[in-house]
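Novice: Dropping a structure here in structure tokens format, bear with me for questions.
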Amino acid sequence: MSQTPPLATPDYWEEACRHLARKDRVMKRLIPQFGNACLQSRGDPFTTLARSIVGQQISVKAAQSVWDRFAKLPRKVSPGNVLRLKVDDMRAAGLSARKIEYLVDLALHFDSGAIKVDSWTAMEDEAIIAELVGIRGIGRWTAEMFLIFHLMRPDVLPLDDVGLINGISQSYFSGDPVSRSDAREVAQAWAPYRSVATWYIWRSLDPVPVDY
């Protein structure tokens with residue numbers, strides 16, 4: 001079995017928490033509830049994106065069980081190994097035909113060098129999103145999850161995320177419906193740490209951290 005790499009954590013987290021607690025009454029209340037827990041990255045871009053494709057349109061629990069079955073097929077989850085898998089085996093793991101196509105396309109992008117992983121650290125968030133959405137099965141939401149969970153960019157606001165909108169509704173609007181512009185307005189106080197605030201909003205709905 002391949003060893004799981006240690007999870008990385010962002011060096012800006014404590015500073016971000018202090019900033020958010022000063023600027024925002026909800027954050028001041030939420031942050032202390034979760035102790036030392038913080039965002040963590042697995043450190044492998046291919047695995048992060050593959051997990052997000054597997055998890056599309058199904059529950060977190062269902063996504064984890066499909067991923068666990070899929071990840072047992074190759075000796076190690078890597079672009080080259082995924083390209084060698086049999087479609088029937090991937091179907092048997094619980095993947096739909098469409099998700100198999102997406103995973104193969106993702107593996108091809110990495111294997112061929114079409115994706116320049118090493119240059120991402122120097123690129124702006126929007127430039128990375130533009131590159132990622134060129135891969136089949138990756139839309140803006142998945143690209144934003146990648147910015148948060150893999151690159152640990154501090155100031156991403158994923159307005160297409162249902163959990164973020166629901167959490168803002170509950171914490172700031174007493175459960176009333178919230179528009180994207182409402183959410184954007186609330187998040188102005190969070191900058192330049194909107195990823196961190198988003199993570200705490202997610203925790204307010206589900207104390208168990210999601211990861212990719």
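Each chain in the structure tokens gets a letter, A, B and so on, in the order shown; residues start at 1 in every chain, and ligands are counted from 1 in the order they appear.
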Within 10 Å of region 7-19 of chain A, which residues of region 161-201 of chain A come that close, and what is the closest atom pair and distance in Å for each? Count only C-alpha atoms and give it as a Markdown table.

Specialist:
```
| residue | atom | partner | partner_atom | distance |
| --- | --- | --- | --- | --- |
| A:Ala189 | CA | A:His19 | CA | 9.5 |
| A:Trp190 | CA | A:His19 | CA | 8.1 |
| A:Ala191 | CA | A:His19 | CA | 9.1 |
| A:Pro192 | CA | A:Ala16 | CA | 8.3 |
| A:Tyr193 | CA | A:Ala16 | CA | 6.0 |
| A:Arg194 | CA | A:Ala16 | CA | 9.1 |
| A:Ser195 | CA | A:Ala16 | CA | 9.6 |
| A:Val196 | CA | A:Ala16 | CA | 7.0 |
| A:Ala197 | CA | A:Cys17 | CA | 8.4 |
| A:Tyr200 | CA | A:Cys17 | CA | 9.8 |
```

Novice: Hey, what's within 12 Å of Ala71 (chain A) if we count only C-alpha atoms and toss same-chain stuff fewer than 4 positions away? As a count of residues only, please?

Specialist: 24

Novice: With distances taken over only C-alpha atoms, which of A:Asn166, A:Ser204, A:Thr142, A:Ser174 is nearest to Phe34 (chain A)?

Specialist: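 Checking each of A:Asn166, A:Ser204, A:Thr142, A:Ser174 against Phe34 (chain A), counting only C-alpha atoms, the winner is A:Ser204.
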
Novice: Please provide the set of residues having any atom within 10 Å of Trp120 (chain A), restricted to only C-alpha atoms, with same-chain residues fewer than 5 positions apart removed, written as a PDB file with C-alpha atoms, in the first residue's frame.

Specialist:
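Result file is result.pdb:
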```
ATOM      1  CA  ILE A 115      -1.118  21.034 -17.336  1.00  0.00           C
ATOM      2  CA  ASP A 125      -6.200  32.610  -9.046  1.00  0.00           C
ATOM      3  CA  ALA A 127      -5.504  32.282 -14.513  1.00  0.00           C
ATOM      4  CA  ILE A 128      -5.397  28.900 -12.757  1.00  0.00           C
ATOM      5  CA  GLU A 131      -6.568  26.561 -17.163  1.00  0.00           C
ATOM      6  CA  LEU A 147      -7.469  26.702  -5.119  1.00  0.00           C
ATOM      7  CA  LEU A 151      -2.989  25.514  -3.355  1.00  0.00           C
TER       8      LEU A 151
END
```

Novice: Give the answer as one residue: which of A:Phe46, A:Phe173, A:Phe146, A:Trp202 has the shortest atom-to-atom distance to His109 (chain A), using only C-alpha atoms?

Specialist: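 Among A:Phe46, A:Phe173, A:Phe146, A:Trp202, it is A:Phe46 that comes nearest to His109 (chain A).
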
Novice: I need the residue nearest Gly163 (chain A) from this list: A:Arg203, A:Lys72, A:Arg22, A:Arg84. Use only C-alpha atoms for the distance.

Specialist: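 For Gly163 (chain A), the nearest of the candidates is A:Arg203.
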
Novice: When DSSP works through the backbone of this structure, what residues of chain A end up as alpha helix (DSSP H), shown as a PyMOL selection string?

Specialist: chain A and resi 13-23+25-30+45-54+60-71+79-83+87-92+97-111+125-132+140-149+162-172+180-187+194-205

Novice: Excluding same-chain residues fewer than 6 positions from Asp88 (chain A), what lies within 12 Å of it counting only C-alpha atoms, as a list in words?

Specialist: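 My list of contacting residues is Phe70, Leu73, Gly94, Leu95, Ser96, Ala97 and Ile100 of chain A.
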
Novice: For Trp141 (chain A), please output as a ChimeraX atom specification all residues within 10 Å (counting only C-alpha atoms; exclusion window: fewer than 4 positions along the same chain).

Specialist: /A:52,129,133,145-147,157-161

Novice: Contacts of Ile53 (chain A) at 9 Å or less, counting only C-alpha atoms, minus same-chain residues fewer than 2 places along, as an NGL selection string?

Specialist: :A and (48-51 or 55-56 or 99 or 102-103 or 137-138 or 142)

Novice: Please, could you write that set of residues out with all heavy atoms as a PDB file, in the first residue's frame?

Specialist:
```pdb
ATOM      1  N   THR A  48      -6.258  15.460  -5.726  1.00  0.00           N
ATOM      2  CA  THR A  48      -7.252  16.453  -5.304  1.00  0.00           C
ATOM      3  C   THR A  48      -8.322  16.643  -6.380  1.00  0.00           C
ATOM      4  O   THR A  48      -9.520  16.648  -6.089  1.00  0.00           O
ATOM      5  CB  THR A  48      -6.564  17.803  -4.989  1.00  0.00           C
ATOM      6  OG1 THR A  48      -5.654  17.608  -3.905  1.00  0.00           O
ATOM      7  CG2 THR A  48      -7.580  18.862  -4.597  1.00  0.00           C
ATOM      8  N   LEU A  49      -7.893  16.793  -7.632  1.00  0.00           N
ATOM      9  CA  LEU A  49      -8.853  16.998  -8.726  1.00  0.00           C
ATOM     10  C   LEU A  49      -9.654  15.727  -9.007  1.00  0.00           C
ATOM     11  O   LEU A  49     -10.857  15.789  -9.269  1.00  0.00           O
ATOM     12  CB  LEU A  49      -8.119  17.469  -9.991  1.00  0.00           C
ATOM     13  CG  LEU A  49      -7.585  18.899  -9.912  1.00  0.00           C
ATOM     14  CD1 LEU A  49      -6.626  19.178 -11.057  1.00  0.00           C
ATOM     15  CD2 LEU A  49      -8.730  19.921  -9.921  1.00  0.00           C
ATOM     16  N   ALA A  50      -8.998  14.573  -8.936  1.00  0.00           N
ATOM     17  CA  ALA A  50      -9.706  13.304  -9.165  1.00  0.00           C
ATOM     18  C   ALA A  50     -10.780  13.098  -8.093  1.00  0.00           C
ATOM     19  O   ALA A  50     -11.916  12.709  -8.410  1.00  0.00           O
ATOM     20  CB  ALA A  50      -8.718  12.136  -9.164  1.00  0.00           C
ATOM     21  N   ARG A  51     -10.456  13.392  -6.848  1.00  0.00           N
ATOM     22  CA  ARG A  51     -11.444  13.261  -5.762  1.00  0.00           C
ATOM     23  C   ARG A  51     -12.631  14.191  -5.985  1.00  0.00           C
ATOM     24  O   ARG A  51     -13.783  13.837  -5.703  1.00  0.00           O
ATOM     25  CB  ARG A  51     -10.813  13.586  -4.408  1.00  0.00           C
ATOM     26  CG  ARG A  51      -9.959  12.486  -3.819  1.00  0.00           C
ATOM     27  CD  ARG A  51      -9.392  12.909  -2.474  1.00  0.00           C
ATOM     28  NE  ARG A  51     -10.395  12.793  -1.429  1.00  0.00           N
ATOM     29  CZ  ARG A  51     -10.482  11.771  -0.577  1.00  0.00           C
ATOM     30  NH1 ARG A  51      -9.624  10.775  -0.653  1.00  0.00           N
ATOM     31  NH2 ARG A  51     -11.408  11.736   0.349  1.00  0.00           N
ATOM     32  N   GLY A  55     -16.565  13.127  -6.501  1.00  0.00           N
ATOM     33  CA  GLY A  55     -17.561  13.626  -5.556  1.00  0.00           C
ATOM     34  C   GLY A  55     -18.668  14.479  -6.147  1.00  0.00           C
ATOM     35  O   GLY A  55     -19.586  14.878  -5.422  1.00  0.00           O
ATOM     36  N   GLN A  56     -18.615  14.755  -7.443  1.00  0.00           N
ATOM     37  CA  GLN A  56     -19.625  15.625  -8.049  1.00  0.00           C
ATOM     38  C   GLN A  56     -21.028  15.015  -7.950  1.00  0.00           C
ATOM     39  O   GLN A  56     -21.236  13.851  -8.287  1.00  0.00           O
ATOM     40  CB  GLN A  56     -19.293  15.886  -9.523  1.00  0.00           C
ATOM     41  CG  GLN A  56     -18.138  16.839  -9.719  1.00  0.00           C
ATOM     42  CD  GLN A  56     -17.677  16.920 -11.165  1.00  0.00           C
ATOM     43  OE1 GLN A  56     -18.289  16.339 -12.044  1.00  0.00           O
ATOM     44  NE2 GLN A  56     -16.601  17.631 -11.406  1.00  0.00           N
ATOM     45  N   LYS A  99     -18.131  10.088 -15.438  1.00  0.00           N
ATOM     46  CA  LYS A  99     -17.029  10.361 -14.515  1.00  0.00           C
ATOM     47  C   LYS A  99     -15.757   9.624 -14.936  1.00  0.00           C
ATOM     48  O   LYS A  99     -14.652  10.129 -14.756  1.00  0.00           O
ATOM     49  CB  LYS A  99     -17.422  10.005 -13.074  1.00  0.00           C
ATOM     50  CG  LYS A  99     -18.363  11.040 -12.464  1.00  0.00           C
ATOM     51  CD  LYS A  99     -18.669  10.771 -11.007  1.00  0.00           C
ATOM     52  CE  LYS A  99     -19.636  11.824 -10.472  1.00  0.00           C
ATOM     53  NZ  LYS A  99     -20.038  11.557  -9.086  1.00  0.00           N
ATOM     54  N   TYR A 102     -14.223  11.744 -17.548  1.00  0.00           N
ATOM     55  CA  TYR A 102     -13.600  12.918 -16.928  1.00  0.00           C
ATOM     56  C   TYR A 102     -12.256  12.558 -16.283  1.00  0.00           C
ATOM     57  O   TYR A 102     -11.270  13.288 -16.418  1.00  0.00           O
ATOM     58  CB  TYR A 102     -14.515  13.515 -15.853  1.00  0.00           C
ATOM     59  CG  TYR A 102     -15.782  14.163 -16.364  1.00  0.00           C
ATOM     60  CD1 TYR A 102     -16.817  14.480 -15.481  1.00  0.00           C
ATOM     61  CD2 TYR A 102     -15.961  14.475 -17.708  1.00  0.00           C
ATOM     62  CE1 TYR A 102     -17.990  15.088 -15.926  1.00  0.00           C
ATOM     63  CE2 TYR A 102     -17.123  15.069 -18.164  1.00  0.00           C
ATOM     64  CZ  TYR A 102     -18.140  15.372 -17.265  1.00  0.00           C
ATOM     65  OH  TYR A 102     -19.286  15.965 -17.711  1.00  0.00           O
ATOM     66  N   LEU A 103     -12.221  11.426 -15.584  1.00  0.00           N
ATOM     67  CA  LEU A 103     -10.977  11.005 -14.921  1.00  0.00           C
ATOM     68  C   LEU A 103      -9.885  10.684 -15.941  1.00  0.00           C
ATOM     69  O   LEU A 103      -8.714  11.013 -15.738  1.00  0.00           O
ATOM     70  CB  LEU A 103     -11.234   9.792 -14.025  1.00  0.00           C
ATOM     71  CG  LEU A 103     -11.983  10.087 -12.715  1.00  0.00           C
ATOM     72  CD1 LEU A 103     -12.476   8.793 -12.070  1.00  0.00           C
ATOM     73  CD2 LEU A 103     -11.106  10.858 -11.729  1.00  0.00           C
ATOM     74  N   GLY A 137     -15.165  18.053 -17.249  1.00  0.00           N
ATOM     75  CA  GLY A 137     -15.648  17.693 -15.926  1.00  0.00           C
ATOM     76  C   GLY A 137     -15.218  18.642 -14.826  1.00  0.00           C
ATOM     77  O   GLY A 137     -15.596  18.465 -13.675  1.00  0.00           O
ATOM     78  N   ILE A 138     -14.423  19.663 -15.173  1.00  0.00           N
ATOM     79  CA  ILE A 138     -14.003  20.634 -14.158  1.00  0.00           C
ATOM     80  C   ILE A 138     -14.614  21.992 -14.501  1.00  0.00           C
ATOM     81  O   ILE A 138     -14.314  22.576 -15.536  1.00  0.00           O
ATOM     82  CB  ILE A 138     -12.470  20.734 -14.071  1.00  0.00           C
ATOM     83  CG1 ILE A 138     -11.907  19.396 -13.573  1.00  0.00           C
ATOM     84  CG2 ILE A 138     -12.053  21.874 -13.131  1.00  0.00           C
ATOM     85  CD1 ILE A 138     -10.420  19.359 -13.416  1.00  0.00           C
ATOM     86  N   THR A 142     -15.269  23.419  -9.009  1.00  0.00           N
ATOM     87  CA  THR A 142     -14.189  22.455  -8.763  1.00  0.00           C
ATOM     88  C   THR A 142     -12.834  23.161  -8.748  1.00  0.00           C
ATOM     89  O   THR A 142     -11.981  22.871  -7.911  1.00  0.00           O
ATOM     90  CB  THR A 142     -14.195  21.350  -9.842  1.00  0.00           C
ATOM     91  OG1 THR A 142     -15.469  20.718  -9.836  1.00  0.00           O
ATOM     92  CG2 THR A 142     -13.126  20.312  -9.598  1.00  0.00           C
TER      93      THR A 142
END
```

Novice: Take CA of Asp105 (chain A) and CA of Ala130 (chain A) and report the distance between them in Å, one decimal.

Specialist: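 A separation of 16.4 Å between them.
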
Novice: Figure out the distance between CA of Gln40 (chain A) and CA of Ile148 (chain A), please, to one decimal in Å.

Specialist: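 So the answer is 9.3 Å.
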
Novice: Go ahead and compute the interatomic distance for CA of Val87 (chain A) and CA of Glu101 (chain A), in Å to one decimal.

Specialist: 9.4 Å

Novice: Given only C-alpha atoms as the basis, pick out the residue of A:Tyr172, A:Phe149, A:Met27, A:Thr198 nearest to Ser41 (chain A).

Specialist: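 Going through A:Tyr172, A:Phe149, A:Met27, A:Thr198 one by one, the smallest distance to Ser41 (chain A) is for A:Phe149.
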
Novice: Can you work out which one of A:Pro79, A:Ser59, A:Val162, A:Lys23 has the shortest atom-to-atom distance to Gly113 (chain A), counting only C-alpha atoms?

Specialist: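 Smallest distance to Gly113 (chain A) is found for A:Pro79.
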
Novice: Using only C-alpha atoms, pick whichever of A:Asp111, A:Asp182, A:Glu126, A:Asp206 has the shortest atom-to-atom distance to Arg153 (chain A).

Specialist: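 Under the stated criterion, the closest residue is A:Glu126.
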